[in-house]
file entry-v1.cif (mmCIF, C-alpha atoms)
data_target
loop_
_atom_site.label_atom_id
_atom_site.label_comp_id
_atom_site.auth_asym_id
_atom_site.auth_seq_id
_atom_site.Cartn_x
_atom_site.Cartn_y
_atom_site.Cartn_z
CA MET R 24 11.50 31.14 13.70
CA LYS R 25 13.53 28.88 16.00
CA VAL R 26 11.77 26.09 17.89
CA ILE R 27 12.77 23.25 20.20
CA LEU R 28 11.07 19.94 19.42
CA ASN R 29 9.09 18.27 22.24
CA GLN R 30 8.77 15.01 20.32
CA ASP R 31 10.17 13.23 17.31
CA LEU R 32 8.85 14.38 13.95
CA SER R 33 10.13 12.32 11.02
CA SER R 34 10.18 15.24 8.60
CA LEU R 35 11.90 17.65 11.01
CA GLY R 36 13.98 16.01 13.73
CA GLU R 37 14.11 14.37 17.13
CA GLU R 38 13.04 15.45 20.60
CA GLY R 39 15.27 18.20 21.97
CA ASP R 40 16.55 19.36 18.57
CA VAL R 41 16.61 23.09 17.82
CA LYS R 42 15.25 23.78 14.33
CA VAL R 43 14.57 26.83 12.21
CA VAL R 44 11.11 26.63 10.62
CA ALA R 45 8.79 28.98 8.78
CA ASP R 46 6.98 31.37 11.10
CA GLY R 47 3.51 30.16 10.13
CA TYR R 48 4.47 26.49 10.48
CA GLY R 49 5.82 27.10 13.96
CA ARG R 50 3.05 29.39 15.22
CA ASN R 51 0.09 27.65 13.58
CA TYR R 52 1.04 23.98 13.73
CA LEU R 53 4.05 22.95 15.82
CA ILE R 54 3.48 25.06 18.95
CA PRO R 55 -0.35 24.69 19.21
CA LYS R 56 -0.11 20.88 18.76
CA GLY R 57 2.59 20.65 21.43
CA ILE R 58 5.15 19.24 18.99
CA ALA R 59 7.55 22.12 19.69
CA VAL R 60 8.05 25.12 21.94
CA ALA R 61 9.39 28.53 21.03
CA TYR R 62 13.15 28.99 21.33
CA SER R 63 13.84 31.05 24.44
CA LYS R 64 16.32 31.09 27.35
CA ALA R 65 13.72 29.62 29.70
CA ASN R 66 12.88 26.76 27.35
CA ILE R 67 16.57 26.06 26.72
CA GLU R 68 17.12 25.67 30.47
CA ILE R 69 14.16 23.28 30.72
CA PHE R 70 15.58 21.11 27.94
CA LYS R 71 19.05 21.14 29.51
CA GLN R 72 17.49 19.68 32.66
CA LYS R 73 15.66 17.04 30.59
CA LYS R 74 18.73 16.20 28.49
CA ASN R 75 19.59 12.95 30.31
CA ALA R 76 16.01 11.67 30.12
CA ILE R 77 15.82 12.56 26.41
CA GLU R 78 19.09 10.74 25.69
CA ALA R 79 17.84 7.67 27.58
CA ARG R 80 14.62 7.63 25.49
CA LYS R 81 16.66 7.97 22.28
CA GLU R 82 18.85 5.04 23.31
CA THR R 83 15.85 2.81 24.04
CA LYS R 84 14.37 3.73 20.66
CA ARG R 85 17.65 2.78 18.96
CA THR R 86 17.81 -0.60 20.70
CA GLU R 87 14.15 -1.30 19.90
CA ALA R 88 14.80 -0.42 16.27
CA LEU R 89 17.79 -2.77 16.09
CA SER R 90 15.86 -5.65 17.66
CA LEU R 91 12.95 -5.03 15.28
CA LYS R 92 15.40 -5.00 12.37
CA GLU R 93 16.69 -8.41 13.44
CA LYS R 94 13.13 -9.79 13.62
CA LEU R 95 12.26 -8.40 10.21
CA ALA R 96 15.49 -9.57 8.54
CA GLY R 97 14.35 -13.19 8.45
CA GLU R 98 10.72 -12.39 7.78
CA ALA R 99 9.06 -13.51 4.56
CA ILE R 100 5.39 -12.84 3.89
CA THR R 101 3.41 -14.84 1.35
CA PHE R 102 0.15 -13.61 -0.13
CA THR R 103 -2.06 -15.83 -2.25
CA MET R 104 -4.27 -13.70 -4.43
CA PRO R 105 -6.60 -14.41 -7.34
CA VAL R 106 -4.98 -13.48 -10.63
CA GLY R 107 -6.00 -12.99 -14.23
CA GLU R 108 -4.55 -14.73 -17.23
CA ASN R 109 -1.62 -12.32 -17.60
CA GLY R 110 -0.50 -12.55 -13.94
CA LYS R 111 -2.14 -9.32 -12.76
CA LEU R 112 -3.83 -9.44 -9.38
CA PHE R 113 -7.52 -8.85 -8.85
CA GLY R 114 -6.84 -6.06 -6.37
CA ALA R 115 -3.49 -4.96 -4.96
CA ILE R 116 -1.24 -5.49 -1.96
CA THR R 117 -0.54 -2.29 -0.04
CA SER R 118 1.32 -1.36 3.12
CA ALA R 119 -1.89 -1.94 5.11
CA ASN R 120 -1.97 -5.60 4.00
CA ILE R 121 1.67 -6.02 5.00
CA VAL R 122 1.00 -4.47 8.45
CA GLU R 123 -1.85 -6.97 8.98
CA GLU R 124 0.35 -9.94 8.07
CA LEU R 125 3.18 -8.72 10.32
CA ALA R 126 0.70 -8.30 13.18
CA LYS R 127 -0.27 -11.98 12.76
CA SER R 128 3.41 -12.79 13.35
CA GLY R 129 3.46 -10.60 16.47
CA ILE R 130 5.42 -7.74 14.89
CA SER R 131 4.01 -4.24 15.25
CA VAL R 132 4.96 -1.70 12.58
CA GLU R 133 3.26 1.54 11.58
CA LYS R 134 1.77 1.62 8.08
CA LYS R 135 3.49 4.87 7.15
CA LYS R 136 6.93 3.33 7.81
CA ILE R 137 6.51 0.67 5.11
CA GLU R 138 7.71 1.50 1.59
CA VAL R 139 6.06 -0.70 -1.03
CA PRO R 140 7.53 -0.44 -4.55
CA GLU R 141 5.29 1.80 -6.66
CA HIS R 142 2.93 2.15 -3.62
CA SER R 143 1.20 -1.19 -4.30
CA ILE R 144 1.94 -4.63 -5.68
CA LYS R 145 -0.29 -5.58 -8.60
CA VAL R 146 1.53 -8.52 -10.26
CA ILE R 147 2.57 -11.94 -8.96
CA GLY R 148 6.23 -12.33 -8.05
CA THR R 149 8.78 -11.74 -5.27
CA TYR R 150 9.36 -8.23 -3.95
CA THR R 151 11.57 -6.52 -1.39
CA VAL R 152 9.71 -4.08 0.84
CA LYS R 153 11.59 -1.57 2.99
CA VAL R 154 10.59 -0.72 6.57
CA LYS R 155 11.92 2.57 7.96
CA LEU R 156 13.05 2.31 11.55
CA TYR R 157 14.44 4.81 14.05
CA ALA R 158 17.58 6.83 13.28
CA GLY R 159 17.74 6.00 9.58
CA GLU R 160 17.77 2.23 10.06
CA VAL R 161 16.01 0.29 7.30
CA ALA R 162 14.90 -3.34 7.32
CA ASP R 163 14.02 -5.37 4.23
CA ILE R 164 11.12 -7.81 4.10
CA LYS R 165 10.64 -10.40 1.39
CA VAL R 166 7.07 -10.40 0.04
CA VAL R 167 6.00 -13.29 -2.18
CA VAL R 168 2.78 -13.00 -4.18
CA ALA R 169 1.49 -16.32 -5.46
CA PRO R 170 -1.59 -17.07 -7.55
CA ALA R 171 -4.56 -18.44 -5.60
CA ASN R 172 -6.29 -19.81 -8.65
CA ALA R 173 -4.30 -21.72 -11.17
CA ILE R 174 -5.95 -20.95 -14.49
CA PRO R 175 -5.75 -23.99 -16.73
CA GLU R 176 -4.66 -23.40 -20.27
CA ARG R 177 -7.60 -23.43 -22.59
CA LYS R 178 -7.63 -26.07 -25.24
CA VAL R 179 -9.64 -25.13 -28.26
CA GLU R 180 -11.17 -28.10 -29.99
CA ALA R 181 -12.67 -27.77 -33.43
CA LYS R 182 -16.26 -28.85 -33.32
CA VAL R 183 -17.97 -29.83 -36.49
CA GLU R 184 -21.66 -29.22 -36.24
CA ALA R 185 -24.25 -30.86 -38.42
CA PRO R 186 -25.75 -28.47 -40.95
CA VAL R 187 -28.93 -26.90 -39.75
CA GLU R 188 -31.86 -27.64 -41.98
CA ALA R 189 -33.91 -24.58 -42.66
CA ASP R 190 -37.48 -24.54 -41.51
CA VAL R 191 -39.32 -24.38 -44.82
CA GLU R 192 -42.54 -23.06 -43.29
CA THR R 193 -40.72 -20.23 -41.59
CA ASP R 194 -38.99 -19.20 -44.81
CA GLU R 195 -42.29 -19.26 -46.76
CA ASN R 196 -44.06 -17.23 -44.05
CA PHE R 197 -41.26 -14.71 -44.08
CA GLU R 198 -41.44 -14.32 -47.87
CA ALA R 199 -45.22 -13.93 -47.75
CA GLU R 200 -45.02 -11.28 -45.05
CA ALA R 201 -42.35 -9.42 -47.00
CA GLU R 202 -44.53 -9.39 -50.16
CA GLU R 203 -47.56 -8.09 -48.20
CA LYS R 204 -45.45 -5.34 -46.69
CA THR R 205 -44.09 -4.19 -50.05
CA GLU R 206 -47.62 -4.15 -51.52
CA ALA R 207 -48.85 -2.09 -48.57
CA ASP R 208 -45.97 0.34 -48.97
CA ALA R 209 -46.65 0.69 -52.67
CA GLU R 210 -50.26 1.77 -52.07
#
call {"tool": "encode", "arguments": {"input": "entry-v1.cif", "output": "structure tokens"}}
result
Amino acid sequence: MKVILNQDLSSLGEEGDVKVVADGYGRNYLIPKGIAVAYSKANIEIFKQKKNAIEARKETKRTEALSLKEKLAGEAITFTMPVGENGKLFGAITSANIVEELAKSGISVEKKKIEVPEHSIKVIGTYTVKVKLYAGEVADIKVVVAPANAIPERKVEAKVEAPVEADVETDENFEAEAEEKTEADAE
């Protein structure tokens, strides 16, 4: 089935593109949601009339993506997280955490456009996170994960304890109880 896209869809194409999709995908998802319209002479004429407006929107998206790429190029985010003895984090840093930190800097990015290595960061260190922008543009962000709690190295000191003197009464009571029990079991 041929369709004409009404809006950008990252997995399929941009607004105004003509695509061939599975019949069920077109009829049951794209057309009812308004993402695409069926390919017909009437719809082609409508999109020819909208062509200049569509191209203008694409150009503004490209320029916005380039300006966002410039902002993100110098961006470095630092997270301080509690860590265990082997450098593993108590928790993880995901794309949602990165979106929150970017928002604090005044940069708005969608969570789904951020590619975190292995989907989350679980160990202290420095990482490069990719942000997908419009028209295949990609920006890199430096993410630094530092320990929040410096765990001091444990020093083991040998302690010599004084020998514990046995409680004589307790030992005698124990022996007496044990003898009574064995006599009772014997009967």
call {"tool": "residues_around", "arguments": {"input": "entry-v1.cif", "residues": "segment 153-157 of chain R", "least_positions_apart": "4", "cutoff": "9 Å", "atoms": "only C-alpha atoms", "output": "MDAnalysis selection string"}}
result
chainID R and resid 84:85 87:89 91:92 95 132 135:140 161:164
call {"tool": "resolve_selection", "arguments": {"input": "entry-v1.cif", "expression": "the PyMOL selection byres ((chain R and resi 99) around 9)", "output": "list in words"}}
result
Leu95, Ala96, Gly97, Glu98, Ile100, Thr101, Ile164, Lys165, Val166 and Val167 of chain R
call {"tool": "residues_around", "arguments": {"input": "entry-v1.cif", "residues": "Asn29 of chain R", "least_positions_apart": "6", "cutoff": "8 Å", "atoms": "only C-alpha atoms", "output": "CSV table (one decimal) with C-alpha atoms, in the coordinates of the input"}}
result
chain,number,residue,atom,x,y,z
R,38,GLU,CA,13.0,15.4,20.6
R,39,GLY,CA,15.3,18.2,22.0
R,57,GLY,CA,2.6,20.6,21.4
R,58,ILE,CA,5.2,19.2,19.0
R,59,ALA,CA,7.6,22.1,19.7
R,60,VAL,CA,8.0,25.1,21.9
call {"tool": "residues_around", "arguments": {"input": "entry-v1.cif", "residues": "Asp40 of chain R", "least_positions_apart": "3", "cutoff": "8 Å", "atoms": "only C-alpha atoms", "output": "PyMOL selection string"}}
result
chain R and resi 27-28+36-37
call {"tool": "closest_residue", "arguments": {"input": "entry-v1.cif", "among": "R:Ala45, R:Gln30, R:Phe102, R:Gly107", "to": "Glu123 of chain R", "atoms": "all atoms listed in the file"}}
result
R:Phe102
call {"tool": "atom_distance", "arguments": {"input": "entry-v1.cif", "atom1": "atom CA of Ile69 of chain R", "atom2": "atom CA of Thr86 of chain R"}}
result
26.2 Å
call {"tool": "closest_residue", "arguments": {"input": "entry-v1.cif", "among": "R:Lys145, R:Arg80, R:Lys42, R:Lys71", "to": "Ala169 of chain R", "atoms": "only C-alpha atoms"}}
result
R:Lys145
call {"tool": "atom_distance", "arguments": {"input": "entry-v1.cif", "atom1": "atom CA of Leu125 of chain R", "atom2": "atom CA of Glu160 of chain R"}}
result
18.2 Å
call {"tool": "residues_around", "arguments": {"input": "entry-v1.cif", "residues": "Ile144 of chain R", "least_positions_apart": "2", "cutoff": "8 Å", "atoms": "only C-alpha atoms", "output": "PyMOL selection string"}}
result
chain R and resi 115-117+139-142+146
call {"tool": "write_last_selection", "arguments": {"input": "entry-v1.cif", "atoms": "C-alpha atoms", "output": "PDB file, keeping the file's coordinate frame"}}
result
ATOM      1  CA  ALA R 115      -3.490  -4.960  -4.960  1.00  0.00           C
ATOM      2  CA  ILE R 116      -1.240  -5.490  -1.960  1.00  0.00           C
ATOM      3  CA  THR R 117      -0.540  -2.290  -0.040  1.00  0.00           C
ATOM      4  CA  VAL R 139       6.060  -0.700  -1.030  1.00  0.00           C
ATOM      5  CA  PRO R 140       7.530  -0.440  -4.550  1.00  0.00           C
ATOM      6  CA  GLU R 141       5.290   1.800  -6.660  1.00  0.00           C
ATOM      7  CA  HIS R 142       2.930   2.150  -3.620  1.00  0.00           C
ATOM      8  CA  VAL R 146       1.530  -8.520 -10.260  1.00  0.00           C
TER       9      VAL R 146
END
call {"tool": "closest_residue", "arguments": {"input": "entry-v1.cif", "among": "R:Ile77, R:Ile121, R:Leu32, R:Ala126", "to": "Thr151 of chain R", "atoms": "only C-alpha atoms"}}
result
R:Ile121
